[in-house]
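File shown: structure18.cif (mmCIF, C-alpha atoms).
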```
data_data
#
loop_
_atom_site.label_atom_id
_atom_site.label_comp_id
_atom_site.auth_asym_id
_atom_site.auth_seq_id
_atom_site.Cartn_x
_atom_site.Cartn_y
_atom_site.Cartn_z
CA MET A 1 3.44 -4.58 20.66
CA PRO A 2 5.58 -6.57 18.20
CA PRO A 3 2.89 -9.28 17.80
CA ALA A 4 0.30 -6.55 17.17
CA ALA A 5 2.45 -5.02 14.45
CA LEU A 6 3.37 -8.37 12.90
CA SER A 7 -0.23 -9.59 12.70
CA VAL A 8 -1.02 -6.69 10.37
CA HIS A 9 2.25 -6.52 8.43
CA LEU A 10 2.51 -10.27 7.82
CA SER A 11 -0.98 -10.08 6.31
CA ILE A 12 -0.57 -7.06 4.06
CA GLY A 13 2.88 -8.32 3.07
CA GLN A 14 1.03 -10.77 0.81
CA ALA A 15 1.40 -8.06 -1.83
CA TYR A 16 4.97 -9.26 -2.37
CA ALA A 17 3.68 -12.66 -3.47
CA TRP A 18 1.64 -11.20 -6.34
CA SER A 19 4.03 -12.66 -8.92
CA VAL A 20 2.70 -16.15 -8.06
CA PHE A 21 -0.71 -15.08 -9.46
CA LYS A 22 0.69 -13.47 -12.61
CA PRO A 23 1.11 -16.59 -14.83
CA PRO A 24 -2.33 -18.06 -13.95
CA LEU A 25 -4.05 -14.72 -14.54
CA GLU A 26 -2.25 -14.24 -17.86
CA SER A 27 -3.33 -17.70 -18.97
CA ALA A 28 -6.91 -17.61 -17.66
CA LEU A 29 -7.76 -14.07 -18.78
CA ASP A 30 -5.39 -13.71 -21.77
CA LEU A 31 -3.31 -10.87 -20.29
CA SER A 32 0.16 -9.56 -21.07
CA GLY A 33 2.85 -9.30 -18.41
CA THR A 34 2.30 -5.56 -18.17
CA GLN A 35 -1.45 -6.01 -17.72
CA SER A 36 -1.12 -8.69 -15.06
CA ALA A 37 1.14 -6.35 -13.05
CA LEU A 38 -1.54 -3.63 -12.94
CA PRO A 39 -3.31 -4.72 -9.71
CA PHE A 40 0.05 -4.81 -7.91
CA GLN A 41 1.10 -1.45 -9.33
CA LEU A 42 -2.18 0.23 -8.40
CA GLY A 43 -1.99 -1.32 -4.94
CA ILE A 44 1.42 0.24 -4.34
CA VAL A 45 0.19 3.58 -5.70
CA MET A 46 -2.76 3.51 -3.31
CA LEU A 47 -0.45 2.42 -0.50
CA GLY A 48 1.53 5.63 -0.85
CA LEU A 49 -1.46 7.89 -1.40
CA SER A 50 -3.51 6.48 1.47
CA ALA A 51 -0.49 6.62 3.78
CA ALA A 52 0.11 10.24 2.79
CA PHE A 53 -3.47 11.35 3.27
CA GLY A 54 -4.19 9.06 6.22
CA GLY A 55 -0.97 9.66 8.16
CA THR A 56 -2.34 12.60 10.11
CA LEU A 57 -5.55 10.68 10.90
CA VAL A 58 -3.51 7.75 12.17
CA GLU A 59 -1.62 10.11 14.50
CA ARG A 60 -4.88 11.63 15.76
CA ARG A 61 -7.13 8.58 16.02
CA GLY A 62 -4.54 6.05 17.05
CA PRO A 63 -3.26 2.69 15.80
CA ARG A 64 -6.38 0.67 16.65
CA TRP A 65 -8.54 2.77 14.35
CA ALA A 66 -5.90 2.47 11.63
CA MET A 67 -5.62 -1.30 11.94
CA THR A 68 -9.41 -1.67 11.77
CA VAL A 69 -9.58 0.36 8.56
CA ALA A 70 -6.71 -1.69 7.14
CA LEU A 71 -8.46 -4.96 7.99
CA ILE A 72 -11.71 -3.93 6.30
CA CYS A 73 -10.10 -2.58 3.12
CA PHE A 74 -7.49 -5.30 2.65
CA SER A 75 -9.91 -8.18 3.14
CA SER A 76 -12.60 -6.52 1.03
CA GLY A 77 -10.07 -6.12 -1.77
CA PHE A 78 -9.55 -9.88 -1.90
CA LEU A 79 -13.29 -10.57 -1.84
CA LEU A 80 -13.86 -8.17 -4.75
CA SER A 81 -10.97 -9.79 -6.61
CA ALA A 82 -12.53 -13.21 -6.05
CA LEU A 83 -15.76 -11.93 -7.60
CA GLY A 84 -13.81 -10.45 -10.51
CA ALA A 85 -11.96 -13.70 -11.18
CA ALA A 86 -15.14 -15.78 -10.95
CA THR A 87 -16.96 -13.53 -13.45
CA GLU A 88 -13.86 -12.98 -15.63
CA GLN A 89 -14.05 -9.22 -15.05
CA TYR A 90 -10.41 -8.22 -14.80
CA TRP A 91 -11.24 -4.59 -14.02
CA LEU A 92 -12.85 -5.79 -10.79
CA ILE A 93 -9.60 -7.52 -9.77
CA VAL A 94 -7.72 -4.29 -10.49
CA PHE A 95 -10.26 -2.27 -8.51
CA GLY A 96 -10.50 -4.74 -5.62
CA TYR A 97 -6.89 -5.75 -5.12
CA GLY A 98 -5.34 -2.54 -6.41
CA PHE A 99 -7.62 0.28 -5.25
CA VAL A 100 -9.54 -0.99 -2.23
CA GLY A 101 -6.85 -3.39 -1.04
CA GLY A 102 -4.20 -0.73 -1.69
CA ILE A 103 -5.89 1.60 0.79
CA GLY A 104 -5.67 -1.19 3.35
CA LEU A 105 -1.99 -1.60 2.51
CA GLY A 106 -1.21 2.07 3.16
CA ILE A 107 -3.17 2.52 6.37
CA GLY A 108 -2.02 -0.85 7.69
CA TYR A 109 1.60 -0.15 6.81
CA ILE A 110 1.92 3.04 8.86
CA SER A 111 -0.43 2.00 11.68
CA PRO A 112 2.18 0.49 14.06
CA VAL A 113 5.31 2.42 13.03
CA SER A 114 5.08 5.61 15.09
CA THR A 115 3.61 3.58 17.98
CA LEU A 116 6.63 1.29 18.16
CA ILE A 117 9.02 4.24 17.94
CA LYS A 118 7.29 5.59 21.06
CA TRP A 119 7.67 2.26 22.83
CA PHE A 120 11.36 1.96 21.91
CA PRO A 121 12.72 5.55 21.77
CA ASP A 122 16.27 4.35 22.50
CA ARG A 123 16.31 1.92 19.52
CA PRO A 124 14.26 3.50 16.71
CA GLY A 125 15.93 1.45 13.98
CA MET A 126 15.19 -1.81 15.76
CA ALA A 127 11.62 -0.67 16.50
CA THR A 128 10.77 0.16 12.92
CA GLY A 129 12.54 -3.01 11.81
CA ILE A 130 10.22 -5.05 14.02
CA ALA A 131 7.17 -3.34 12.60
CA ILE A 132 8.13 -3.45 8.96
CA MET A 133 9.81 -6.87 9.10
CA GLY A 134 6.41 -8.49 8.85
CA PHE A 135 5.59 -6.73 5.60
CA GLY A 136 8.71 -8.14 4.01
CA GLY A 137 8.01 -11.59 5.41
CA GLY A 138 4.40 -11.74 4.30
CA ALA A 139 5.30 -13.41 1.02
CA LEU A 140 7.31 -16.03 2.88
CA ILE A 141 3.95 -17.37 4.01
CA ALA A 142 1.78 -16.24 1.12
CA SER A 143 3.93 -17.45 -1.77
CA PRO A 144 3.97 -21.21 -1.05
CA TRP A 145 0.48 -20.99 0.42
CA SER A 146 -0.89 -19.32 -2.74
CA ALA A 147 0.95 -21.75 -5.00
CA GLN A 148 -0.50 -24.70 -3.08
CA MET A 149 -4.03 -23.28 -3.29
CA LEU A 150 -3.71 -22.72 -7.03
CA GLU A 151 -2.49 -26.30 -7.39
CA SER A 152 -5.45 -27.57 -5.36
CA PHE A 153 -8.19 -25.31 -6.74
CA GLY A 154 -6.82 -25.06 -10.28
CA THR A 155 -5.31 -22.22 -12.27
CA ASP A 156 -8.45 -21.33 -14.22
CA ASN A 157 -10.59 -18.36 -13.26
CA ALA A 158 -12.64 -20.41 -10.75
CA GLY A 159 -9.52 -21.67 -8.98
CA ILE A 160 -8.05 -18.18 -8.79
CA ALA A 161 -11.35 -16.90 -7.37
CA CYS A 162 -11.30 -19.56 -4.63
CA ALA A 163 -7.71 -18.66 -3.73
CA PHE A 164 -8.60 -14.96 -3.45
CA LEU A 165 -11.62 -15.81 -1.28
CA VAL A 166 -9.58 -17.90 1.17
CA HIS A 167 -6.97 -15.14 1.38
CA GLY A 168 -9.54 -12.49 2.22
CA LEU A 169 -11.24 -14.44 4.99
CA THR A 170 -8.05 -15.76 6.58
CA TYR A 171 -6.27 -12.41 6.66
CA ALA A 172 -9.34 -10.76 8.23
CA VAL A 173 -9.10 -13.10 11.21
CA PHE A 174 -5.33 -12.73 11.54
CA MET A 175 -5.36 -8.92 11.35
CA LEU A 176 -8.01 -8.81 14.06
CA LEU A 177 -5.31 -9.87 16.53
CA GLY A 178 -3.48 -6.59 15.91
CA VAL A 179 -6.64 -4.58 16.47
CA LEU A 180 -7.16 -6.25 19.85
CA LEU A 181 -3.54 -6.05 21.06
CA VAL A 182 -2.27 -2.61 20.01
CA ARG A 183 -1.71 0.17 22.59
CA VAL A 184 0.27 3.39 22.86
CA PRO A 185 2.46 4.10 25.91
CA ARG A 186 1.21 6.51 28.55
CA GLY A 187 4.55 7.72 29.82
CA ALA A 188 7.19 9.78 28.03
CA ARG A 189 9.79 7.11 28.91
CA PRO A 190 8.32 3.61 28.44
CA VAL A 191 11.87 2.20 28.78
CA GLU A 192 13.60 3.07 32.06
CA GLY A 193 16.62 5.29 31.48
CA ALA A 194 15.87 5.75 27.76
CA PRO A 195 15.49 9.15 26.12
CA ALA A 196 11.95 10.46 26.12
CA ALA A 197 9.96 9.64 23.01
CA LEU A 198 9.50 13.34 22.24
CA SER A 199 12.89 14.70 23.35
CA GLY A 200 14.96 17.05 21.21
CA PRO A 201 13.92 19.36 18.36
CA GLN A 202 10.71 18.43 16.60
CA VAL A 203 9.34 19.30 13.15
CA SER A 204 5.68 19.18 12.12
CA ALA A 205 4.56 17.29 9.05
CA ARG A 206 3.56 20.52 7.35
CA SER A 207 7.01 22.02 7.86
CA ALA A 208 8.85 18.79 7.02
CA VAL A 209 7.59 18.69 3.43
CA ARG A 210 9.04 22.16 2.91
CA THR A 211 12.58 21.09 3.75
CA PRO A 212 15.18 19.82 1.25
CA GLN A 213 15.89 16.91 3.61
CA PHE A 214 12.40 15.49 3.07
CA TRP A 215 12.70 15.60 -0.71
CA LEU A 216 16.22 14.18 -0.72
CA LEU A 217 14.94 11.24 1.33
CA TRP A 218 12.01 10.99 -1.07
CA ILE A 219 14.47 10.56 -3.94
CA VAL A 220 16.55 8.06 -1.94
CA LEU A 221 13.49 5.93 -1.14
CA THR A 222 12.13 6.15 -4.70
CA MET A 223 15.37 4.97 -6.24
CA ASN A 224 15.94 2.17 -3.73
CA VAL A 225 12.36 0.90 -4.00
CA THR A 226 12.22 1.10 -7.80
CA ALA A 227 15.37 -0.99 -8.05
CA GLY A 228 14.04 -3.66 -5.69
CA ILE A 229 10.37 -3.81 -6.58
CA GLY A 230 11.04 -4.36 -10.27
CA ILE A 231 12.68 -7.71 -9.49
CA LEU A 232 10.25 -8.60 -6.72
CA GLU A 233 7.10 -8.11 -8.79
CA LYS A 234 8.45 -10.31 -11.60
CA ALA A 235 10.59 -12.65 -9.51
CA ALA A 236 9.01 -15.96 -10.52
CA PRO A 237 8.93 -15.31 -14.31
CA MET A 238 12.39 -13.69 -14.20
CA ILE A 239 14.29 -16.63 -12.72
CA THR A 240 12.41 -18.94 -15.08
CA ASP A 241 13.42 -16.85 -18.11
CA PHE A 242 17.05 -16.45 -16.99
CA PHE A 243 17.63 -20.21 -17.02
CA ALA A 244 15.05 -21.33 -19.60
CA ASP A 245 17.72 -22.12 -22.19
CA THR A 246 20.03 -24.00 -19.83
CA SER A 247 20.25 -27.72 -19.11
CA ALA A 248 18.53 -27.21 -15.76
CA PRO A 249 15.49 -24.93 -16.24
CA VAL A 250 13.60 -23.61 -13.22
CA SER A 251 10.20 -25.21 -12.54
CA ALA A 252 7.12 -23.30 -11.40
CA THR A 253 7.47 -24.79 -7.92
CA ALA A 254 11.12 -23.78 -7.69
CA ALA A 255 10.23 -20.28 -8.91
CA ALA A 256 7.65 -19.98 -6.13
CA GLY A 257 10.33 -21.12 -3.70
CA PHE A 258 12.62 -18.39 -5.05
CA VAL A 259 9.91 -15.82 -4.30
CA ALA A 260 9.72 -17.18 -0.76
CA LEU A 261 13.51 -16.90 -0.41
CA LEU A 262 13.37 -13.29 -1.57
CA SER A 263 10.70 -12.67 1.03
CA ALA A 264 12.95 -14.15 3.73
CA ALA A 265 15.81 -11.86 2.64
CA ASN A 266 13.43 -8.92 2.52
CA MET A 267 12.25 -9.70 6.06
CA ALA A 268 15.73 -10.38 7.46
CA GLY A 269 17.04 -7.16 5.93
CA ARG A 270 14.30 -5.15 7.58
CA ILE A 271 15.21 -6.18 11.11
CA GLY A 272 18.94 -6.81 10.54
CA TRP A 273 19.96 -3.75 8.57
CA SER A 274 17.67 -1.35 10.44
CA THR A 275 19.09 -2.55 13.78
CA THR A 276 22.59 -2.09 12.36
CA SER A 277 21.66 1.50 11.51
CA ASP A 278 21.33 2.19 15.26
CA LEU A 279 25.06 1.42 15.50
CA ILE A 280 26.55 2.95 12.34
CA GLY A 281 24.03 5.67 11.50
CA ARG A 282 21.31 6.06 8.87
CA LYS A 283 23.39 7.79 6.20
CA ASN A 284 26.07 5.09 6.35
CA ILE A 285 23.58 2.26 6.07
CA TYR A 286 21.99 3.88 3.01
CA ARG A 287 25.44 4.11 1.44
CA VAL A 288 25.53 0.33 1.74
CA TYR A 289 22.00 -0.15 0.36
CA LEU A 290 22.59 2.00 -2.70
CA GLY A 291 26.28 1.44 -3.43
CA VAL A 292 26.51 -2.31 -2.87
CA GLY A 293 23.06 -2.73 -4.42
CA ALA A 294 24.32 -1.23 -7.69
CA LEU A 295 27.22 -3.68 -7.61
CA MET A 296 24.83 -6.62 -7.16
CA TYR A 297 22.80 -5.52 -10.18
CA ALA A 298 25.98 -5.27 -12.22
CA LEU A 299 26.89 -8.85 -11.30
CA ILE A 300 23.45 -10.12 -12.35
CA ALA A 301 23.67 -8.23 -15.65
CA LEU A 302 27.13 -9.59 -16.44
CA LEU A 303 27.14 -13.10 -14.94
CA GLY A 304 23.63 -13.86 -13.68
CA ASP A 305 22.64 -16.35 -16.38
CA SER A 306 25.85 -18.35 -15.98
CA SER A 307 25.33 -19.38 -12.35
CA LYS A 308 22.13 -20.02 -10.43
CA PRO A 309 23.83 -19.60 -7.01
CA LEU A 310 25.26 -16.23 -8.07
CA PHE A 311 21.90 -15.04 -9.43
CA VAL A 312 20.07 -16.12 -6.28
CA LEU A 313 22.73 -14.67 -3.94
CA CYS A 314 22.75 -11.26 -5.67
CA ALA A 315 18.94 -11.15 -5.71
CA LEU A 316 18.82 -12.00 -2.00
CA VAL A 317 21.29 -9.22 -1.15
CA ILE A 318 19.34 -6.71 -3.26
CA LEU A 319 16.08 -7.65 -1.56
CA SER A 320 17.66 -7.44 1.89
CA PHE A 321 18.73 -3.87 1.05
CA TYR A 322 15.28 -3.16 -0.36
CA GLY A 323 13.64 -4.27 2.87
CA GLY A 324 16.28 -2.59 5.01
CA GLY A 325 15.65 0.70 3.22
CA PHE A 326 11.97 0.58 4.12
CA ALA A 327 12.64 -0.31 7.75
CA THR A 328 15.35 2.29 8.24
CA VAL A 329 13.60 5.28 6.71
CA PRO A 330 11.22 5.93 9.66
CA ALA A 331 14.25 6.06 11.98
CA TYR A 332 16.00 8.36 9.48
CA LEU A 333 12.92 10.60 9.62
CA LYS A 334 12.97 10.47 13.41
CA ASP A 335 16.62 11.56 13.45
CA LEU A 336 15.91 14.50 11.16
CA PHE A 337 12.41 15.60 12.21
CA GLY A 338 11.83 14.10 15.68
CA THR A 339 8.82 12.01 16.71
CA TYR A 340 6.34 14.89 17.00
CA GLU A 341 4.49 13.86 13.83
CA VAL A 342 6.75 11.14 12.48
CA GLY A 343 3.81 8.95 11.47
CA ALA A 344 2.32 11.70 9.32
CA ILE A 345 5.73 12.54 7.81
CA HIS A 346 6.35 8.86 7.09
CA GLY A 347 2.98 8.63 5.40
CA ARG A 348 3.80 11.55 3.13
CA LEU A 349 7.19 10.07 2.30
CA LEU A 350 5.54 6.85 1.17
CA THR A 351 4.32 8.65 -1.95
CA ALA A 352 7.82 7.72 -3.08
CA TRP A 353 6.69 4.10 -2.86
CA SER A 354 3.69 4.93 -5.04
CA THR A 355 6.00 6.37 -7.67
CA ALA A 356 8.38 3.42 -7.44
CA GLY A 357 5.49 0.96 -7.50
CA VAL A 358 4.65 2.23 -10.97
CA LEU A 359 8.21 2.74 -12.24
CA GLY A 360 9.77 -0.55 -11.13
CA PRO A 361 7.28 -3.03 -12.62
CA LEU A 362 6.71 -0.77 -15.63
CA ILE A 363 10.41 -0.65 -16.48
CA VAL A 364 10.95 -4.40 -16.10
CA ASN A 365 7.72 -5.53 -17.77
CA TRP A 366 7.75 -2.96 -20.59
CA VAL A 367 11.37 -3.65 -21.47
CA ALA A 368 10.80 -7.42 -21.32
CA ASP A 369 7.71 -7.16 -23.55
CA ARG A 370 9.59 -5.03 -26.10
CA GLN A 371 12.57 -7.40 -26.10
CA GLU A 372 10.26 -10.37 -26.58
CA GLU A 373 8.59 -8.63 -29.53
CA ALA A 374 12.08 -8.14 -31.00
CA GLY A 375 12.61 -11.89 -30.89
CA ARG A 376 14.85 -12.05 -27.84
CA HIS A 377 14.38 -14.52 -25.01
CA GLY A 378 15.91 -15.71 -21.75
CA ALA A 379 18.22 -13.41 -19.81
CA SER A 380 18.41 -10.91 -22.69
CA LEU A 381 14.86 -9.84 -21.85
CA TYR A 382 16.15 -8.07 -18.73
CA GLY A 383 19.59 -6.67 -19.64
CA MET A 384 18.40 -3.11 -20.30
CA SER A 385 16.24 -3.11 -17.16
CA LEU A 386 19.21 -4.05 -14.99
CA ILE A 387 21.31 -1.21 -16.42
CA ILE A 388 18.49 1.26 -15.69
CA MET A 389 18.30 0.02 -12.09
CA ILE A 390 22.03 0.60 -11.61
CA GLY A 391 21.60 4.19 -12.78
CA LEU A 392 18.70 4.77 -10.39
CA LEU A 393 20.71 3.49 -7.42
CA VAL A 394 23.55 5.88 -8.29
CA VAL A 395 21.07 8.79 -8.28
CA GLY A 396 19.83 7.68 -4.84
CA PHE A 397 23.40 7.43 -3.55
CA VAL A 398 24.09 11.05 -4.54
CA ALA A 399 20.84 12.26 -2.92
CA ASN A 400 21.75 10.50 0.34
CA GLU A 401 25.13 12.25 0.37
CA LEU A 402 23.38 15.63 0.22
CA VAL A 403 21.26 15.08 3.38
CA ARG A 404 22.11 17.50 6.22
CA PRO A 405 20.47 18.31 9.61
CA VAL A 406 17.24 20.30 9.42
CA ASP A 407 17.54 24.06 9.84
CA PRO A 408 16.31 25.15 13.33
CA ARG A 409 13.84 27.57 11.75
CA HIS A 410 11.66 24.54 10.87
CA HIS A 411 11.51 23.29 14.48
CA VAL A 412 8.21 23.50 16.34
CA PRO A 413 8.56 26.11 19.12
CA GLY A 414 8.41 24.69 22.64
CA THR A 415 9.02 21.03 21.75
CA ASP A 416 12.59 20.70 22.96
CA THR A 417 11.56 18.95 26.18
CA PRO A 418 9.42 15.84 26.63
CA LYS A 419 6.81 17.65 28.72
CA GLU A 420 6.34 20.50 26.29
CA ALA A 421 6.20 18.11 23.36
CA ALA A 422 3.66 15.93 25.10
CA ASP A 423 1.47 18.95 25.90
CA ASP A 424 1.42 19.93 22.24
CA ARG A 425 0.35 16.50 21.00
CA ARG A 426 -3.19 15.29 20.68
CA GLU A 427 -3.95 12.47 23.13
CA GLN A 428 -4.11 9.02 21.53
CA PRO A 429 -7.33 7.18 22.42
CA GLU A 430 -5.84 3.70 22.97
CA SER A 431 -3.37 4.10 25.84
CA ALA A 432 -1.91 1.28 27.89
#
```
Since I need it in another form, could you write the structure as structure tokens?
Amino acid sequence: MPPAALSVHLSIGQAYAWSVFKPPLESALDLSGTQSALPFQLGIVMLGLSAAFGGTLVERRGPRWAMTVALICFSSGFLLSALGAATEQYWLIVFGYGFVGGIGLGIGYISPVSTLIKWFPDRPGMATGIAIMGFGGGALIASPWSAQMLESFGTDNAGIACAFLVHGLTYAVFMLLGVLLVRVPRGARPVEGAPAALSGPQVSARSAVRTPQFWLLWIVLTMNVTAGIGILEKAAPMITDFFADTSAPVSATAAAGFVALLSAANMAGRIGWSTTSDLIGRKNIYRVYLGVGALMYALIALLGDSSKPLFVLCALVILSFYGGGFATVPAYLKDLFGTYEVGAIHGRLLTAWSTAGVLGPLIVNWVADRQEEAGRHGASLYGMSLIIMIGLLVVGFVANELVRPVDPRHHVPGTDTPKEAADDRREQPESA
């Protein structure tokens, strides 16, 4: 099951390498930083919306159906983007990568999560970390790979089109592995001696969205993602700007390597921090994400442009928390609402990602553009953005403190035992 999940998540995780395409697109199509971020922003919006609306379908039709839909949409998005770049029609890149590809992102993202929780009911944090680790690590492959293709094909519109085309075809083949491998467990206890996958109180997706716990977690995820995605989307230009006026400026190749490092931290945080949450609890691990994350932002704001190692270290820690927050939230949902419809609940919660996908890049790019118009340059382009991110993390920290167990009146009647819960669920079509 982990290879099935990783084949999809490593592919769709390419989204985190979008910043590599930003400078070439801005140059080839005469775009601003805000404009070049639009395909990425729309992709994250569609990720959340398609996950929210498709979550129930994924639960009903199973992970193989979901992975097939993800493959078709994600690959088609790249092919449409290739056509848009070749014809210099930027709206087609926005539509292809952002809208069509974004649907593939959302369906692909949630496709293995609830399945792995069922396979590993005794270690839900580890299970979701395995699934979501690949999404964080996708840019570790895509960033240097994309940079190399742009160097080989060229950074004009024709070269960008060729890079998009190769991405679309290659990811289609790789994601097919997940479609062929994925299964759901037949038994209530796939791990001998573990708790049943559907043991304990359960809450339906419809009831979950009516609880304060759901909306508090929505705020927590929105704040954590906004703070991380703003840096991630503009990672390559940001590190270049921070040290542009120093004696050792950052080259384009080194900036792409920085993006790859952030992807590694993102990926490591997803498996490392989510597994740690099995030991210390979800609320405690989110205290670390939000509290220490705010401290890291403060260090970048105050001292980031004076030391490359400090800047890189703080960014790596922030991105590890960013990834860990994504990987831990399905287990947090499982703790609060059970596994009855955790995939559908997770899909609805990912609307927070849609919101953050707009807010994060918009804050960083808009502030940077305004500062540049005011005649500022270098690290001063991002000072206000960093202060805003600190404030958002504090809001998320408070929301996490307010989370309490779900009131029993929201529990689904008759789902307190594995057998009763299993009887109430619709049978998944792909069973092992």
Pull out every residue that the PyMOL selection byres ((chain A and resi 249) around 12) matches in the shown coordinates and put them as a PyMOL selection string.
chain A and resi 237-248+250-255+305+307-308+378
Quick one: pull the distance between atom CA of A:Leu25 and atom CA of A:Ser385, Å, one decimal.
23.5 Å
Name the residues that the PyMOL selection byres ((chain A and resi 150) around 9) picks from the file above, as a compact mmCIF listing (two decimals) with C-alpha atoms, keeping the file's coordinate frame, using the file's chain letters and numbers.
```txt
# COMPACT_ATOMS: atom_id res chain seq x y z
CA PHE A 21 -0.71 -15.08 -9.46
CA PRO A 24 -2.33 -18.06 -13.95
CA TRP A 145 0.48 -20.99 0.42
CA SER A 146 -0.89 -19.32 -2.74
CA ALA A 147 0.95 -21.75 -5.00
CA GLN A 148 -0.50 -24.70 -3.08
CA MET A 149 -4.03 -23.28 -3.29
CA GLU A 151 -2.49 -26.30 -7.39
CA SER A 152 -5.45 -27.57 -5.36
CA PHE A 153 -8.19 -25.31 -6.74
CA GLY A 154 -6.82 -25.06 -10.28
CA THR A 155 -5.31 -22.22 -12.27
CA ASP A 156 -8.45 -21.33 -14.22
CA GLY A 159 -9.52 -21.67 -8.98
CA ILE A 160 -8.05 -18.18 -8.79
CA CYS A 162 -11.30 -19.56 -4.63
CA ALA A 163 -7.71 -18.66 -3.73
```
Quick one: apply the PyMOL selection byres ((chain A and resi 360) around 7) to the file and drop the selected residues here as an MDAnalysis selection string.
chainID A and resid 226:227 229:230 356:359 361:364
Can you work out the spacing between atom CA of A:Gly108 and atom CA of A:Ala70 in Å, to one decimal?
4.8 Å
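Minimum distance to A:Ala127 across A:Ala161, A:Leu79, A:Leu221, A:Met1 (counting all atoms listed in the file) occurs at A:Met1.
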In Å to one decimal, how far is atom CA of A:Thr34 from atom CA of A:Ala52?
26.3 Å
Kindly indicate which residue among A:Gln371, A:Ser19, A:Gln35, A:Thr68 lies nearest to A:Phe174, using all atoms listed in the file for the distances.
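Result for the nearest residue to A:Phe174: A:Thr68.
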Among the residues A:Ile141, A:Ala82, A:Ala172, A:Leu386, the one that comes closest to A:Ala294 [using all atoms listed in the file]
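For A:Ala294, the nearest of the candidates is A:Leu386.
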Tell me, as a list in words, which residues lie within 9 Å of A:Gly138, counting only C-alpha atoms; anything in the same chain fewer than 6 positions away does not count.
His9, Leu10, Ser11, Ile12, Gly13, Gln14, Ala15, Tyr16, Ala17, Ser263, Ala264 and Met267 of chain A
Given only C-alpha atoms as the basis, pick out the residue of A:Phe164, A:Trp18, A:Trp353, A:Phe99 nearest to A:Gly43.
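Smallest distance to A:Gly43 is found for A:Phe99.
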Which one of A:Pro185, A:Pro405, A:Gly62, A:Gly55 sits closest to A:Lys118 if you count all atoms listed in the file?
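Of A:Pro185, A:Pro405, A:Gly62, A:Gly55, the one nearest A:Lys118 is A:Pro185, counting all atoms listed in the file.
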Starting from the point (20.7, -7.9, -12.6), work out which residues of protein, DNA or RNA have an atom no more than 9 Å away when counting only C-alpha atoms; state them as an MDAnalysis selection string.
chainID A and resid 231 296:304 311 314:315 382:383 385:387 389:390
